[in-house]
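The file query.pdb comes next; it holds PDB, C-alpha atoms.
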```
ATOM      1  CA  GLN A   1      -0.878 -14.769  16.150  1.00  0.00           C
ATOM      2  CA  ARG A   2      -1.570 -11.675  14.098  1.00  0.00           C
ATOM      3  CA  GLN A   3      -0.715 -11.859  10.409  1.00  0.00           C
ATOM      4  CA  LEU A   4       0.436  -8.241  10.378  1.00  0.00           C
ATOM      5  CA  VAL A   5       2.640  -6.788  13.095  1.00  0.00           C
ATOM      6  CA  GLU A   6       3.790  -3.198  12.759  1.00  0.00           C
ATOM      7  CA  SER A   7       6.686  -1.709  14.696  1.00  0.00           C
ATOM      8  CA  GLY A   8       9.182   1.129  14.647  1.00  0.00           C
ATOM      9  CA  GLY A   9       6.983   4.030  15.616  1.00  0.00           C
ATOM     10  CA  GLY A  10       7.919   6.592  18.215  1.00  0.00           C
ATOM     11  CA  SER A  11       8.073  10.254  19.123  1.00  0.00           C
ATOM     12  CA  VAL A  12      10.341  12.533  17.131  1.00  0.00           C
ATOM     13  CA  GLN A  13      10.746  16.221  16.491  1.00  0.00           C
ATOM     14  CA  ALA A  14       9.840  17.776  13.168  1.00  0.00           C
ATOM     15  CA  GLY A  15      12.530  17.061  10.613  1.00  0.00           C
ATOM     16  CA  GLY A  16      13.407  13.733  12.157  1.00  0.00           C
ATOM     17  CA  SER A  17      13.236  10.250  10.682  1.00  0.00           C
ATOM     18  CA  LEU A  18      11.715   6.896  11.542  1.00  0.00           C
ATOM     19  CA  LYS A  19      11.657   3.537   9.802  1.00  0.00           C
ATOM     20  CA  LEU A  20       8.543   1.451  10.239  1.00  0.00           C
ATOM     21  CA  SER A  21       8.485  -2.300   9.791  1.00  0.00           C
ATOM     22  CA  CYS A  22       5.625  -4.657   9.089  1.00  0.00           C
ATOM     23  CA  ARG A  23       6.202  -8.337   9.649  1.00  0.00           C
ATOM     24  CA  THR A  24       3.773 -10.701   7.988  1.00  0.00           C
ATOM     25  CA  SER A  25       3.144 -14.309   8.910  1.00  0.00           C
ATOM     26  CA  ARG A  26       1.496 -17.337   7.325  1.00  0.00           C
ATOM     27  CA  ILE A  27       2.009 -15.899   3.853  1.00  0.00           C
ATOM     28  CA  ILE A  28       3.885 -17.986   1.312  1.00  0.00           C
ATOM     29  CA  LEU A  29       6.537 -16.344  -0.837  1.00  0.00           C
ATOM     30  CA  SER A  30       4.544 -16.378  -4.075  1.00  0.00           C
ATOM     31  CA  THR A  31       1.582 -14.753  -2.362  1.00  0.00           C
ATOM     32  CA  PHE A  32       3.807 -12.138  -0.773  1.00  0.00           C
ATOM     33  CA  THR A  33       5.600 -11.212  -3.991  1.00  0.00           C
ATOM     34  CA  GLY A  34       2.365 -11.157  -5.970  1.00  0.00           C
ATOM     35  CA  ALA A  35       0.516  -8.824  -3.654  1.00  0.00           C
ATOM     36  CA  VAL A  36       0.339  -5.053  -3.646  1.00  0.00           C
ATOM     37  CA  TRP A  37       1.436  -4.011  -0.164  1.00  0.00           C
ATOM     38  CA  ALA A  38       0.514  -0.732   1.398  1.00  0.00           C
ATOM     39  CA  TRP A  39       1.015   1.515   4.356  1.00  0.00           C
ATOM     40  CA  TYR A  40      -1.955   3.396   5.736  1.00  0.00           C
ATOM     41  CA  ARG A  41      -2.284   5.901   8.557  1.00  0.00           C
ATOM     42  CA  GLN A  42      -5.051   7.181  10.751  1.00  0.00           C
ATOM     43  CA  ALA A  43      -4.774  10.468  12.571  1.00  0.00           C
ATOM     44  CA  PRO A  44      -6.974  11.226  15.591  1.00  0.00           C
ATOM     45  CA  GLY A  45     -10.541  11.925  14.548  1.00  0.00           C
ATOM     46  CA  GLN A  46      -9.839  11.171  10.888  1.00  0.00           C
ATOM     47  CA  GLN A  47     -10.402   8.261   8.550  1.00  0.00           C
ATOM     48  CA  ARG A  48      -7.651   5.853   7.665  1.00  0.00           C
ATOM     49  CA  GLU A  49      -5.812   7.018   4.550  1.00  0.00           C
ATOM     50  CA  LEU A  50      -3.471   5.417   2.072  1.00  0.00           C
ATOM     51  CA  VAL A  51       0.153   6.503   2.358  1.00  0.00           C
ATOM     52  CA  ALA A  52       2.082   4.331  -0.099  1.00  0.00           C
ATOM     53  CA  THR A  53       1.899   1.100  -2.075  1.00  0.00           C
ATOM     54  CA  ILE A  54       4.461  -1.231  -3.613  1.00  0.00           C
ATOM     55  CA  THR A  55       4.448  -4.292  -5.820  1.00  0.00           C
ATOM     56  CA  GLY A  56       7.077  -6.013  -7.911  1.00  0.00           C
ATOM     57  CA  GLY A  57       7.833  -4.556 -11.312  1.00  0.00           C
ATOM     58  CA  ARG A  58       5.885  -1.336 -10.913  1.00  0.00           C
ATOM     59  CA  PRO A  59       6.800   2.078  -9.506  1.00  0.00           C
ATOM     60  CA  ALA A  60       5.726   2.653  -5.949  1.00  0.00           C
ATOM     61  CA  TYR A  61       2.793   4.966  -5.275  1.00  0.00           C
ATOM     62  CA  TYR A  62       2.938   7.755  -2.719  1.00  0.00           C
ATOM     63  CA  ALA A  63       0.254  10.080  -1.463  1.00  0.00           C
ATOM     64  CA  ASP A  64       1.013  13.677  -2.336  1.00  0.00           C
ATOM     65  CA  ALA A  65       1.448  14.537   1.334  1.00  0.00           C
ATOM     66  CA  VAL A  66       4.438  12.195   1.702  1.00  0.00           C
ATOM     67  CA  LYS A  67       5.954  12.172  -1.779  1.00  0.00           C
ATOM     68  CA  GLY A  68       9.672  12.843  -1.691  1.00  0.00           C
ATOM     69  CA  ARG A  69       9.887  12.181   2.053  1.00  0.00           C
ATOM     70  CA  PHE A  70       8.738   8.575   2.511  1.00  0.00           C
ATOM     71  CA  THR A  71      10.057   5.416   0.845  1.00  0.00           C
ATOM     72  CA  ILE A  72       8.267   2.080   0.857  1.00  0.00           C
ATOM     73  CA  SER A  73      10.166  -1.166   0.380  1.00  0.00           C
ATOM     74  CA  THR A  74       9.850  -4.895   0.910  1.00  0.00           C
ATOM     75  CA  ASP A  75      12.067  -7.796   1.902  1.00  0.00           C
ATOM     76  CA  ASN A  76      10.753 -10.953   0.262  1.00  0.00           C
ATOM     77  CA  ILE A  77      12.897 -13.289   2.358  1.00  0.00           C
ATOM     78  CA  LYS A  78      11.625 -11.755   5.578  1.00  0.00           C
ATOM     79  CA  ARG A  79       8.103 -11.286   4.174  1.00  0.00           C
ATOM     80  CA  SER A  80       8.256  -7.756   5.522  1.00  0.00           C
ATOM     81  CA  ILE A  81       7.284  -4.281   4.362  1.00  0.00           C
ATOM     82  CA  TYR A  82       9.068  -1.110   5.423  1.00  0.00           C
ATOM     83  CA  LEU A  83       8.380   2.604   5.401  1.00  0.00           C
ATOM     84  CA  GLN A  84      11.333   4.961   5.687  1.00  0.00           C
ATOM     85  CA  MET A  85      10.030   8.341   6.793  1.00  0.00           C
ATOM     86  CA  ASN A  86      12.263  11.390   6.541  1.00  0.00           C
ATOM     87  CA  SER A  87      11.668  15.087   7.115  1.00  0.00           C
ATOM     88  CA  LEU A  88       8.750  14.260   9.362  1.00  0.00           C
ATOM     89  CA  LYS A  89       6.117  16.894  10.008  1.00  0.00           C
ATOM     90  CA  PRO A  90       3.553  17.266  12.798  1.00  0.00           C
ATOM     91  CA  ASP A  91       0.863  16.403  10.216  1.00  0.00           C
ATOM     92  CA  ASP A  92       2.437  12.943   9.926  1.00  0.00           C
ATOM     93  CA  THR A  93       1.307  12.163  13.458  1.00  0.00           C
ATOM     94  CA  ALA A  94      -0.918   9.086  13.244  1.00  0.00           C
ATOM     95  CA  ILE A  95      -1.144   5.383  13.836  1.00  0.00           C
ATOM     96  CA  TYR A  96       0.458   3.617  10.885  1.00  0.00           C
ATOM     97  CA  TYR A  97      -0.794   0.286   9.571  1.00  0.00           C
ATOM     98  CA  CYS A  98       0.273  -2.060   6.813  1.00  0.00           C
ATOM     99  CA  ASN A  99      -1.968  -4.296   4.739  1.00  0.00           C
ATOM    100  CA  ARG A 100      -2.541  -5.375   1.175  1.00  0.00           C
ATOM    101  CA  ASP A 101      -4.041  -2.684  -1.014  1.00  0.00           C
ATOM    102  CA  ASP A 102      -7.306  -4.659  -1.062  1.00  0.00           C
ATOM    103  CA  GLN A 103      -7.243  -4.614   2.756  1.00  0.00           C
ATOM    104  CA  GLU A 104      -8.156  -8.299   2.825  1.00  0.00           C
ATOM    105  CA  LEU A 105      -5.958  -9.231   5.773  1.00  0.00           C
ATOM    106  CA  PRO A 106      -7.041  -8.570   9.371  1.00  0.00           C
ATOM    107  CA  TRP A 107      -5.643  -5.272  10.542  1.00  0.00           C
ATOM    108  CA  GLY A 108      -2.759  -5.258  12.946  1.00  0.00           C
ATOM    109  CA  GLN A 109      -2.483  -3.016  15.967  1.00  0.00           C
ATOM    110  CA  GLY A 110      -0.502  -0.411  14.090  1.00  0.00           C
ATOM    111  CA  THR A 111       2.396   1.630  15.349  1.00  0.00           C
ATOM    112  CA  GLN A 112       2.080   5.154  16.739  1.00  0.00           C
ATOM    113  CA  VAL A 113       4.087   7.965  15.175  1.00  0.00           C
ATOM    114  CA  THR A 114       4.109  11.296  16.973  1.00  0.00           C
ATOM    115  CA  VAL A 115       5.890  14.295  15.499  1.00  0.00           C
ATOM    116  CA  SER A 116       6.278  17.403  17.597  1.00  0.00           C
ATOM    117  CA  SER A 117       7.013  20.873  16.284  1.00  0.00           C
TER     118      SER A 117
END
```

For this file, produce the structure as structure tokens.
Amino acid sequence: QRQLVESGGGSVQAGGSLKLSCRTSRIILSTFTGAVWAWYRQAPGQQRELVATITGGRPAYYADAVKGRFTISTDNIKRSIYLQMNSLKPDDTAIYYCNRDDQELPWGQGTQVTVSS
């Protein structure tokens, strides 16, 4: 069983919205709340890049390319991380992954987001 399972991707037109979910497993509550969680993405032919991070008590971080359009959040009870993506652009097309910011957990399969113009 994978520790990180991403879902919620799909194909949308530019300007549309998607909400990605990342379900974690075998992580106790204190470990989950103490970690810095992140969303990453990898577009075809490009390296994986950081999109956003979140941890308790500190402002979330967003890459400049998504600032003002994406919102990262967590649900401690569900041990899950979310990424609300609004005003999507074709440049947002990528496979999206979640992980800790130190990338210590095995990568999940990711979820494909395709934005058409």

_Expansion of the PyMOL selection byres ((chain A and resi 47-51) around 10) into residues, as a list of chain:residue names_ = A:Ala38, A:Trp39, A:Tyr40, A:Arg41, A:Gln42, A:Ala43, A:Pro44, A:Gly45, A:Gln46, A:Ala52, A:Thr53, A:Tyr61, A:Tyr62, A:Ala63, A:Asp64, A:Ala65, A:Val66, A:Lys67, A:Phe70, A:Ile72, A:Leu83, A:Ala94, A:Ile95, A:Tyr96, A:Tyr97, A:Cys98, A:Asp101

*In Å to one decimal, how far is CA of Asn76 in chain A from CA of Thr31 in chain A?*
10.3 Å

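Counting from CA of Thr74 in chain A, the distance to CA of Gly8 in chain A is 15.0 Å.
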
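In this comparison, which uses all atoms listed in the file, the residue of A:Arg100, A:Gly34, A:Asp91, A:Gly110 approaching Arg58 in chain A most closely is A:Gly34.
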
With a cut-off of 9 Å, could you pull out the residues of range 32-88 of chain A touching range 10-16 of chain A and give me the nearest pair of atoms for each, distance in Å to one decimal, using only C-alpha atoms, ordered by chain and ascending number, as CSV?
```
residue,atom,partner,partner_atom,distance
A:Met85,CA,A:Gly16,CA,8.3
A:Asn86,CA,A:Gly16,CA,6.2
A:Ser87,CA,A:Gly15,CA,4.1
A:Leu88,CA,A:Gly15,CA,4.9
```

Pull C-alpha atoms from the residues just selected and write them as a compact mmCIF listing (two decimals), in the frame of the given file.
```txt
# COMPACT_ATOMS: atom_id res chain seq x y z
CA MET A 85 10.03 8.34 6.79
CA ASN A 86 12.26 11.39 6.54
CA SER A 87 11.67 15.09 7.12
CA LEU A 88 8.75 14.26 9.36
```

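Nearest to Ser17 in chain A of all the residues A:Tyr82, A:Arg69, A:Ser117, A:Gln112 is A:Arg69, counting all atoms listed in the file.
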
*Gln109 in chain A: which residues within 8 Å, counting only C-alpha atoms, same-chain residues fewer than 2 positions away excluded, as a VMD selection string?*
chain A and resid 5 to 6 97 107 111

*Return the single residue from A:Leu18, A:Val36, A:Ile27, A:Val115 that is closest to Leu4 in chain A, with distances computed using only C-alpha atoms.*
A:Ile27

_If we count all atoms listed in the file and set the cut-off at 10 Å, which residues sit around Ile77 in chain A, ignoring sequence neighbours fewer than 2 positions away in its own chain? Please answer as a list in words._
Leu29, Phe32, Thr33, Thr74, Asp75, Arg79 and Ser80 of chain A

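Considering all atoms listed in the file, the residue among A:Gln84, A:Thr55, A:Ser116, A:Ser73 positioned nearest to Ala35 in chain A is A:Thr55.
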
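CA of Ser21 in chain A sits 12.4 Å away from CA of Val113 in chain A.
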
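Across A:Gln103, A:Gln1, A:Thr93, A:Thr114, the tightest approach to Arg26 in chain A is made by A:Gln1 when counting all atoms listed in the file.
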
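Ranking A:Ile81, A:Ile54, A:Leu105, A:Ala60 by their shortest atom-to-atom distance to Leu20 in chain A, with all atoms listed in the file included, puts A:Ile81 first.
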
Axis-aligned box over every listed atom of range 37-52 of chain A, padded by 5 Å per side: centre and edges in Å to one decimal, as AutoDock Vina command-line options?
```
--center_x -4.2 --center_y 4.0 --center_z 7.7 --size_x 22.6 --size_y 25.9 --size_z 25.8
```

Would you mind putting all heavy atoms back on range 99-110 of chain A and writing the result as an mmCIF file, keeping the file's coordinate frame?
```cif
data_model
loop_
_atom_site.group_PDB
_atom_site.id
_atom_site.type_symbol
_atom_site.label_atom_id
_atom_site.label_comp_id
_atom_site.auth_asym_id
_atom_site.auth_seq_id
_atom_site.Cartn_x
_atom_site.Cartn_y
_atom_site.Cartn_z
ATOM 1 N N ASN A 99 -0.994 -3.319 5.201
ATOM 2 C CA ASN A 99 -1.968 -4.296 4.739
ATOM 3 C C ASN A 99 -1.771 -4.443 3.242
ATOM 4 O O ASN A 99 -0.966 -3.738 2.635
ATOM 5 C CB ASN A 99 -3.406 -3.849 5.030
ATOM 6 C CG ASN A 99 -4.369 -5.028 5.190
ATOM 7 O OD1 ASN A 99 -4.269 -6.021 4.477
ATOM 8 N ND2 ASN A 99 -5.273 -4.919 6.141
ATOM 9 N N ARG A 100 -2.492 -5.336 2.630
ATOM 10 C CA ARG A 100 -2.541 -5.375 1.175
ATOM 11 C C ARG A 100 -3.388 -4.201 0.708
ATOM 12 O O ARG A 100 -4.181 -3.660 1.498
ATOM 13 C CB ARG A 100 -3.136 -6.698 0.705
ATOM 14 C CG ARG A 100 -2.217 -7.847 0.983
ATOM 15 C CD ARG A 100 -2.774 -9.205 0.657
ATOM 16 N NE ARG A 100 -4.028 -9.251 -0.056
ATOM 17 C CZ ARG A 100 -4.612 -10.385 -0.431
ATOM 18 N NH1 ARG A 100 -4.028 -11.533 -0.162
ATOM 19 N NH2 ARG A 100 -5.765 -10.374 -1.054
ATOM 20 N N ASP A 101 -3.259 -3.832 -0.544
ATOM 21 C CA ASP A 101 -4.041 -2.684 -1.014
ATOM 22 C C ASP A 101 -5.530 -3.006 -1.057
ATOM 23 O O ASP A 101 -6.348 -2.099 -1.027
ATOM 24 C CB ASP A 101 -3.558 -2.214 -2.388
ATOM 25 C CG ASP A 101 -3.905 -3.178 -3.508
ATOM 26 O OD1 ASP A 101 -3.958 -4.392 -3.249
ATOM 27 O OD2 ASP A 101 -4.123 -2.715 -4.641
ATOM 28 N N ASP A 102 -5.889 -4.295 -1.093
ATOM 29 C CA ASP A 102 -7.306 -4.659 -1.062
ATOM 30 C C ASP A 102 -7.805 -4.808 0.367
ATOM 31 O O ASP A 102 -8.980 -5.122 0.587
ATOM 32 C CB ASP A 102 -7.574 -5.937 -1.847
ATOM 33 C CG ASP A 102 -6.760 -7.127 -1.350
ATOM 34 O OD1 ASP A 102 -6.150 -7.038 -0.260
ATOM 35 O OD2 ASP A 102 -6.724 -8.148 -2.058
ATOM 36 N N GLN A 103 -6.913 -4.601 1.326
ATOM 37 C CA GLN A 103 -7.243 -4.614 2.756
ATOM 38 C C GLN A 103 -7.909 -5.919 3.191
ATOM 39 O O GLN A 103 -8.753 -5.937 4.084
ATOM 40 C CB GLN A 103 -8.137 -3.420 3.106
ATOM 41 C CG GLN A 103 -7.517 -2.084 2.751
ATOM 42 C CD GLN A 103 -8.402 -0.903 3.053
ATOM 43 O OE1 GLN A 103 -9.175 -0.917 3.999
ATOM 44 N NE2 GLN A 103 -8.304 0.145 2.252
ATOM 45 N N GLU A 104 -7.531 -7.021 2.550
ATOM 46 C CA GLU A 104 -8.156 -8.299 2.825
ATOM 47 C C GLU A 104 -7.662 -8.960 4.114
ATOM 48 O O GLU A 104 -8.354 -9.794 4.681
ATOM 49 C CB GLU A 104 -7.897 -9.252 1.651
ATOM 50 C CG GLU A 104 -8.759 -8.966 0.443
ATOM 51 C CD GLU A 104 -10.223 -9.262 0.691
ATOM 52 O OE1 GLU A 104 -10.530 -10.341 1.250
ATOM 53 O OE2 GLU A 104 -11.065 -8.408 0.356
ATOM 54 N N LEU A 105 -6.478 -8.607 4.563
ATOM 55 C CA LEU A 105 -5.958 -9.231 5.773
ATOM 56 C C LEU A 105 -6.492 -8.516 7.013
ATOM 57 O O LEU A 105 -6.750 -7.309 6.960
ATOM 58 C CB LEU A 105 -4.428 -9.193 5.763
ATOM 59 C CG LEU A 105 -3.754 -9.957 4.624
ATOM 60 C CD1 LEU A 105 -2.245 -9.765 4.680
ATOM 61 C CD2 LEU A 105 -4.109 -11.431 4.686
ATOM 62 N N PRO A 106 -6.628 -9.227 8.126
ATOM 63 C CA PRO A 106 -7.041 -8.570 9.371
ATOM 64 C C PRO A 106 -6.036 -7.491 9.751
ATOM 65 O O PRO A 106 -4.820 -7.703 9.663
ATOM 66 C CB PRO A 106 -7.040 -9.720 10.390
ATOM 67 C CG PRO A 106 -7.144 -10.967 9.587
ATOM 68 C CD PRO A 106 -6.420 -10.693 8.300
ATOM 69 N N TRP A 107 -6.521 -6.369 10.187
ATOM 70 C CA TRP A 107 -5.643 -5.272 10.542
ATOM 71 C C TRP A 107 -4.832 -5.600 11.789
ATOM 72 O O TRP A 107 -5.317 -6.235 12.716
ATOM 73 C CB TRP A 107 -6.449 -4.006 10.793
ATOM 74 C CG TRP A 107 -7.068 -3.448 9.554
ATOM 75 C CD1 TRP A 107 -8.343 -3.667 9.118
ATOM 76 C CD2 TRP A 107 -6.449 -2.617 8.578
ATOM 77 N NE1 TRP A 107 -8.549 -3.014 7.927
ATOM 78 C CE2 TRP A 107 -7.400 -2.356 7.572
ATOM 79 C CE3 TRP A 107 -5.179 -2.052 8.451
ATOM 80 C CZ2 TRP A 107 -7.126 -1.555 6.451
ATOM 81 C CZ3 TRP A 107 -4.899 -1.263 7.346
ATOM 82 C CH2 TRP A 107 -5.867 -1.017 6.361
ATOM 83 N N GLY A 108 -3.593 -5.149 11.770
ATOM 84 C CA GLY A 108 -2.759 -5.258 12.946
ATOM 85 C C GLY A 108 -3.076 -4.146 13.926
ATOM 86 O O GLY A 108 -4.027 -3.369 13.734
ATOM 87 N N GLN A 109 -2.261 -4.049 14.951
ATOM 88 C CA GLN A 109 -2.483 -3.016 15.967
ATOM 89 C C GLN A 109 -1.934 -1.669 15.533
ATOM 90 O O GLN A 109 -2.288 -0.642 16.121
ATOM 91 C CB GLN A 109 -1.834 -3.436 17.282
ATOM 92 C CG GLN A 109 -2.533 -4.600 17.959
ATOM 93 C CD GLN A 109 -1.938 -4.918 19.313
ATOM 94 O OE1 GLN A 109 -0.720 -5.020 19.447
ATOM 95 N NE2 GLN A 109 -2.773 -5.084 20.310
ATOM 96 N N GLY A 110 -1.091 -1.658 14.537
ATOM 97 C CA GLY A 110 -0.502 -0.411 14.090
ATOM 98 C C GLY A 110 0.635 0.022 14.988
ATOM 99 O O GLY A 110 0.916 -0.582 16.036
#
```
